[in-house]
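Asker: Before I ask anything, let me first share the structure, which is written out below as structure tokens.
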Amino acid sequence: MAPNGSWFDFDAVEFALLHTGTEYVLPGVKWRYAVNQYGAPDADGEPRWEGDQTVTAPSSYLAGKSYSLRFNIGVFGPRLYSAGGEASGAIRLGDEFAAYVLLFSDGAGHVGVSDYTTAKSALYANGTPVFTSHAPLNGERHTLSAGRHTYRLTTDVSRATSLSAVSTRVTAEWIFRSGHVAGDTVKRLPLSAVRFMPKLGAASTAKAGKAFTVPFTIEGAATARSARKLVVTVSYDGGRTWRPAKVTDRRRLELRHPAGPGTRSLRVALTDADADGNTLKRTIHRAYRTTS
């Protein structure tokens with residue numbers, strides 16, 4: 001973005017993964033990057049889109065300094081945010097509901113979406129279905145009754161290991177209370193998310209048989225300080241069994257990887273500080289891999 005507020009788009013640069021590159025930028029200008037992943041050609045011979053991650057806000061850089069940006073590296077998971085007129089989360093206007101949740105934002109916080117193989121989403125009011133769909137939460141609008149009810153919002157999305165070896169399935173369930181919203185003001189509903197941000201290799205890997213720290217942040221309705229309850233469990237066997245993960249200062253997990261290569265899945269149960277006790281249950285299957 002130029003100082004006068006105008007935008008210029010540059011032609012995309014294509015490269016094979018894994019890729020490391022250097023780009024020289026002008027100071028005094030704000031830059032915004034988008035990274036798209038494409039796979040094998042489709043029936044028409046065109047590369048098939050598989051997903052993308054985008055910097056959420058324009059950034060400027062100082063002359064004579066170097067900066068590092070990492071895209072498309074785990075842990076991929078839901079992100080709730082509001083920036084530049086864009087938003088990820090759930091809203092209510094009067095008695096109209098919509099949820100748009102970006103399930104595959106990368107470990108650096110770049111908001112992202114992905115192609116998928118199966119998906120199912122639903123909303124229930126006091127146990128009665130409001131809608132069900134075979135799609136992610138993609139912003140479709142639905143009408144709610146005016147009364148104050150307990151809502152359960154769920155989503156379950158899987159993607160092929162040929163597209164990504166990690167975060168191959170993400171499930172989430174939010175339970176919250178909501179009633180009619182007066183006036184023309186959009187109200188963000190009390191959803192929360194926990195984003196894991198470990199230092200992984202370019203292929204979303206960590207070393208097996210080692211102690212490993214997984215920093216995380218809580219965003220949305222809850223924060224690390226305000227969350228009433230937070231429990232994290234980890235699976236080292238593809239989700240067959242789960243064990244408690246040590247949580248330190250509500251900012252990081254302290255794990256000990258078993259020896260040998262494998263996948264590591266992460267599950268969160270959170271209750272926020274609101275009197276209604278809004279909750280989150282979220283599982284990231286194959287959150288990252290370990291190598292010898």
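Each chain of the structure tokens is named A, B, ... in the order shown, its residues numbered from 1; ligands are numbered from 1 in display order.
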Listing only residues of segment 132-247 of chain A within 8 Å of segment 251-262 of chain A, what is the closest atom pair and its distance in Å (to one decimal) for each, using only C-alpha atoms, sorted by chain and residue number ascending, as a Markdown table?
Answerer:
| residue | atom | partner | partner_atom | distance |
| --- | --- | --- | --- | --- |
| A:Lys207 | CA | A:His257 | CA | 7.7 |
| A:Ala208 | CA | A:Ala259 | CA | 5.2 |
| A:Gly209 | CA | A:Ala259 | CA | 4.0 |
| A:Lys210 | CA | A:His257 | CA | 5.3 |
| A:Ala211 | CA | A:Arg256 | CA | 4.3 |
| A:Phe212 | CA | A:Leu255 | CA | 5.1 |
| A:Thr213 | CA | A:Glu254 | CA | 4.9 |
| A:Val214 | CA | A:Leu253 | CA | 4.9 |
| A:Pro215 | CA | A:Arg252 | CA | 4.0 |
| A:Phe216 | CA | A:Arg251 | CA | 5.4 |
| A:Thr217 | CA | A:Arg251 | CA | 6.2 |
| A:Ala224 | CA | A:Arg251 | CA | 7.1 |
| A:Tyr236 | CA | A:Gly262 | CA | 7.2 |
| A:Asp237 | CA | A:Gly262 | CA | 7.6 |
| A:Ala245 | CA | A:Leu253 | CA | 6.4 |
| A:Lys246 | CA | A:Glu254 | CA | 5.4 |
| A:Val247 | CA | A:Leu253 | CA | 4.7 |
Asker: Please build the interface table for segment 175-212 of chain A against segment 11-35 of chain A with a cut-off of 12 Å, listing for each qualifying residue the nearest atom pair and the distance in Å to one decimal; count only C-alpha atoms, order rows by chain and increasing number, and write it as a tab-separated table.
Answerer:
residue	atom	partner	partner_atom	distance
A:Gly201	CA	A:Leu18	CA	10.8
A:Ala202	CA	A:Leu18	CA	7.2
A:Ala203	CA	A:Leu18	CA	7.8
A:Ser204	CA	A:Leu18	CA	11.1
Asker: Create the file for the chosen residues now, containing all heavy atoms and written as a compact mmCIF listing (two decimals), in the first residue's frame.
Answerer:
# COMPACT_ATOMS: atom_id res chain seq x y z
N GLY A 201 10.28 -27.44 11.93
CA GLY A 201 11.02 -27.38 10.68
C GLY A 201 10.11 -27.03 9.52
O GLY A 201 8.89 -26.97 9.66
N ALA A 202 10.71 -26.83 8.35
CA ALA A 202 9.95 -26.39 7.19
C ALA A 202 8.88 -27.39 6.77
O ALA A 202 7.90 -27.01 6.12
CB ALA A 202 10.90 -26.12 6.01
N ALA A 203 9.03 -28.65 7.15
CA ALA A 203 8.03 -29.67 6.84
C ALA A 203 7.12 -29.94 8.04
O ALA A 203 6.52 -31.00 8.13
CB ALA A 203 8.70 -30.95 6.38
N SER A 204 7.03 -28.97 8.96
CA SER A 204 6.18 -29.07 10.15
C SER A 204 6.60 -30.26 11.02
O SER A 204 5.78 -31.04 11.49
CB SER A 204 4.70 -29.18 9.78
OG SER A 204 4.25 -28.00 9.14
Asker: Please identify which residues in segment 218-249 of chain A DSSP calls strand (DSSP E or B) from the backbone, and express them as a list in words.
Answerer: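 After running DSSP on the backbone, segment 218-249 of chain A has strand (DSSP E or B) at Ile218, Glu219, Gly220, Lys229, Leu230, Val231, Val232, Thr233, Val234, Ser235, Arg243, Pro244, Lys246, Val247 and Thr248 of chain A.
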Asker: Okay, now the selection with all heavy atoms, as a CSV table (one decimal), in the first residue's frame?
Answerer:
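again-v5.csv, freshly written:
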chain,number,residue,atom,x,y,z
A,218,ILE,N,-4.3,-17.7,23.5
A,218,ILE,CA,-5.8,-17.9,23.5
A,218,ILE,C,-6.4,-16.6,23.0
A,218,ILE,O,-6.0,-15.5,23.4
A,218,ILE,CB,-6.3,-18.1,25.0
A,218,ILE,CG1,-5.6,-19.4,25.5
A,218,ILE,CG2,-7.8,-18.3,25.0
A,218,ILE,CD1,-5.9,-19.6,27.0
A,219,GLU,N,-7.3,-16.7,22.1
A,219,GLU,CA,-7.9,-15.5,21.5
A,219,GLU,C,-9.4,-15.7,21.3
A,219,GLU,O,-9.9,-16.8,21.5
A,219,GLU,CB,-7.3,-15.2,20.1
A,219,GLU,CG,-7.4,-16.3,19.1
A,219,GLU,CD,-6.6,-16.0,17.8
A,219,GLU,OE1,-5.7,-15.2,17.8
A,219,GLU,OE2,-7.0,-16.7,16.8
A,220,GLY,N,-10.1,-14.6,21.1
A,220,GLY,CA,-11.5,-14.6,21.0
A,220,GLY,C,-12.1,-14.1,22.4
A,220,GLY,O,-11.6,-13.2,23.0
A,229,LYS,N,-11.1,-22.2,32.9
A,229,LYS,CA,-10.5,-23.5,32.9
A,229,LYS,C,-9.9,-23.8,31.6
A,229,LYS,O,-10.4,-23.5,30.5
A,229,LYS,CB,-11.7,-24.5,33.1
A,229,LYS,CG,-11.2,-26.0,33.2
A,229,LYS,CD,-12.4,-26.9,33.5
A,229,LYS,CE,-12.0,-28.4,33.6
A,229,LYS,NZ,-13.1,-29.3,33.8
A,230,LEU,N,-8.7,-24.5,31.6
A,230,LEU,CA,-8.0,-24.8,30.4
A,230,LEU,C,-7.3,-26.2,30.6
A,230,LEU,O,-6.5,-26.3,31.6
A,230,LEU,CB,-6.9,-23.8,30.0
A,230,LEU,CG,-6.0,-24.1,28.9
A,230,LEU,CD1,-6.8,-24.2,27.6
A,230,LEU,CD2,-4.9,-23.1,28.7
A,231,VAL,N,-7.6,-27.2,29.8
A,231,VAL,CA,-7.0,-28.5,29.9
A,231,VAL,C,-6.6,-28.8,28.5
A,231,VAL,O,-7.3,-28.7,27.5
A,231,VAL,CB,-8.0,-29.5,30.4
A,231,VAL,CG1,-7.4,-30.9,30.3
A,231,VAL,CG2,-8.5,-29.2,31.8
A,232,VAL,N,-5.3,-29.3,28.3
A,232,VAL,CA,-4.7,-29.7,27.1
A,232,VAL,C,-4.3,-31.1,27.2
A,232,VAL,O,-3.6,-31.5,28.2
A,232,VAL,CB,-3.6,-28.8,26.6
A,232,VAL,CG1,-3.1,-29.2,25.3
A,232,VAL,CG2,-4.0,-27.3,26.6
A,233,THR,N,-4.6,-31.9,26.2
A,233,THR,CA,-4.1,-33.3,26.2
A,233,THR,C,-3.4,-33.6,24.9
A,233,THR,O,-3.7,-32.9,23.9
A,233,THR,CB,-5.3,-34.3,26.4
A,233,THR,OG1,-6.3,-34.0,25.5
A,233,THR,CG2,-5.8,-34.3,27.8
A,234,VAL,N,-2.6,-34.6,24.9
A,234,VAL,CA,-1.7,-34.9,23.7
A,234,VAL,C,-1.8,-36.3,23.4
A,234,VAL,O,-1.9,-37.2,24.3
A,234,VAL,CB,-0.3,-34.4,23.9
A,234,VAL,CG1,0.3,-35.1,25.1
A,234,VAL,CG2,0.6,-34.7,22.7
A,235,SER,N,-1.8,-36.7,22.1
A,235,SER,CA,-1.8,-38.1,21.7
A,235,SER,C,-0.6,-38.3,20.9
A,235,SER,O,-0.3,-37.5,20.0
A,235,SER,CB,-3.1,-38.4,20.9
A,235,SER,OG,-3.0,-39.7,20.4
A,243,ARG,N,-3.1,-38.2,26.8
A,243,ARG,CA,-2.6,-38.0,28.2
A,243,ARG,C,-2.5,-36.5,28.4
A,243,ARG,O,-2.4,-35.7,27.5
A,243,ARG,CB,-1.2,-38.7,28.3
A,243,ARG,CG,-0.1,-38.0,27.3
A,243,ARG,CD,1.2,-38.7,27.4
A,243,ARG,NE,1.2,-40.1,26.9
A,243,ARG,CZ,2.2,-40.9,26.8
A,243,ARG,NH1,3.4,-40.5,27.3
A,243,ARG,NH2,2.1,-42.1,26.3
A,244,PRO,N,-2.6,-36.1,29.7
A,244,PRO,CA,-2.5,-34.7,30.0
A,244,PRO,C,-1.2,-34.1,29.6
A,244,PRO,O,-0.1,-34.7,29.7
A,244,PRO,CB,-2.6,-34.6,31.5
A,244,PRO,CG,-3.2,-35.9,31.9
A,244,PRO,CD,-2.7,-36.9,30.9
A,246,LYS,N,1.5,-30.9,30.2
A,246,LYS,CA,1.8,-29.9,31.2
A,246,LYS,C,1.7,-28.5,30.6
A,246,LYS,O,2.3,-28.2,29.6
A,246,LYS,CB,3.3,-30.1,31.7
A,246,LYS,CG,3.7,-29.2,32.8
A,246,LYS,CD,5.1,-29.4,33.2
A,246,LYS,CE,5.5,-28.4,34.3
A,246,LYS,NZ,6.9,-28.6,34.7
A,247,VAL,N,0.9,-27.7,31.2
A,247,VAL,CA,0.6,-26.3,30.8
A,247,VAL,C,1.3,-25.4,31.8
A,247,VAL,O,1.1,-25.4,33.0
A,247,VAL,CB,-0.9,-26.0,30.8
A,247,VAL,CG1,-1.1,-24.5,30.3
A,247,VAL,CG2,-1.6,-26.9,29.8
A,248,THR,N,2.2,-24.5,31.3
A,248,THR,CA,3.0,-23.6,32.1
A,248,THR,C,2.5,-22.2,31.8
A,248,THR,O,2.6,-21.7,30.7
A,248,THR,CB,4.5,-23.7,31.8
A,248,THR,OG1,4.9,-25.1,32.1
A,248,THR,CG2,5.3,-22.8,32.7
Asker: For Asn36 of chain A, please output as a PyMOL selection string all residues within 12 Å (counting only C-alpha atoms; exclusion window: fewer than 5 positions along the same chain).
Answerer: chain A and resi 12-17+47-55+71-72+110-115
Asker: Residues near Ala182 of chain A, anyone? I mean within 9 Å using only C-alpha atoms, not counting same-chain ones fewer than 2 positions away, as an MDAnalysis selection string.
Answerer: chainID A and resid 93:95 180 184:185
Asker: Quick one: write out the picked residues with N, CA, C and O atoms as a PDB file, in the first residue's frame?
Answerer:
ATOM      1  N   LEU A  93     -26.765 -10.528  14.168  1.00  0.00           N
ATOM      2  CA  LEU A  93     -27.373  -9.230  13.886  1.00  0.00           C
ATOM      3  C   LEU A  93     -28.871  -9.421  13.993  1.00  0.00           C
ATOM      4  O   LEU A  93     -29.474 -10.109  13.155  1.00  0.00           O
ATOM      5  N   GLY A  94     -29.472  -8.847  15.040  1.00  0.00           N
ATOM      6  CA  GLY A  94     -30.889  -9.112  15.284  1.00  0.00           C
ATOM      7  C   GLY A  94     -31.067 -10.583  15.611  1.00  0.00           C
ATOM      8  O   GLY A  94     -30.578 -11.078  16.628  1.00  0.00           O
ATOM      9  N   ASP A  95     -31.725 -11.303  14.718  1.00  0.00           N
ATOM     10  CA  ASP A  95     -31.880 -12.747  14.872  1.00  0.00           C
ATOM     11  C   ASP A  95     -31.267 -13.497  13.695  1.00  0.00           C
ATOM     12  O   ASP A  95     -31.672 -14.612  13.369  1.00  0.00           O
ATOM     13  N   HIS A 180     -31.709 -12.313  21.299  1.00  0.00           N
ATOM     14  CA  HIS A 180     -31.928 -11.263  20.301  1.00  0.00           C
ATOM     15  C   HIS A 180     -30.980 -10.083  20.523  1.00  0.00           C
ATOM     16  O   HIS A 180     -30.750  -9.659  21.660  1.00  0.00           O
ATOM     17  N   ASP A 184     -29.039  -2.122  15.012  1.00  0.00           N
ATOM     18  CA  ASP A 184     -28.335  -2.516  13.793  1.00  0.00           C
ATOM     19  C   ASP A 184     -26.868  -2.850  14.042  1.00  0.00           C
ATOM     20  O   ASP A 184     -26.056  -2.857  13.117  1.00  0.00           O
ATOM     21  N   THR A 185     -26.505  -3.112  15.290  1.00  0.00           N
ATOM     22  CA  THR A 185     -25.118  -3.407  15.631  1.00  0.00           C
ATOM     23  C   THR A 185     -24.856  -4.906  15.541  1.00  0.00           C
ATOM     24  O   THR A 185     -25.617  -5.714  16.086  1.00  0.00           O
TER      25      THR A 185
END
Asker: Between A:Thr150, A:Thr155, A:Ser167, A:Thr161, which residue has the minimum interatomic distance to Lys120 of chain A, considering only C-alpha atoms?
Answerer: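 Closest to Lys120 of chain A of all the choices is A:Thr155.
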Asker: I'd like the interatomic distance between atom CA of Tyr116 of chain A and atom CA of Thr271 of chain A, to a tenth of an Å.
Answerer: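 Between these atoms lies a distance of 28.9 Å.
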Asker: Near Arg286 of chain A, within 9 Å and counting only C-alpha atoms, which residues show up once chain neighbours fewer than 4 positions away are dropped, as a ChimeraX atom specification?
Answerer: /A:165-169,235,238-239,262-266
Asker: Which neighbours of Tyr124 of chain A fall inside 10 Å, counting only C-alpha atoms, when residues of the same chain fewer than 2 positions from it are skipped, and could you give them as an NGL selection string?
Answerer: :A and (122 or 126-132 or 149-154 or 175)
Asker: Hey, which of A:Gly89, A:Gly109, A:Gly77, A:Gly179 ends up closest to Ile284 of chain A? Count only C-alpha atoms.
Answerer: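 The shortest atom-to-atom distance to Ile284 of chain A comes from A:Gly77.
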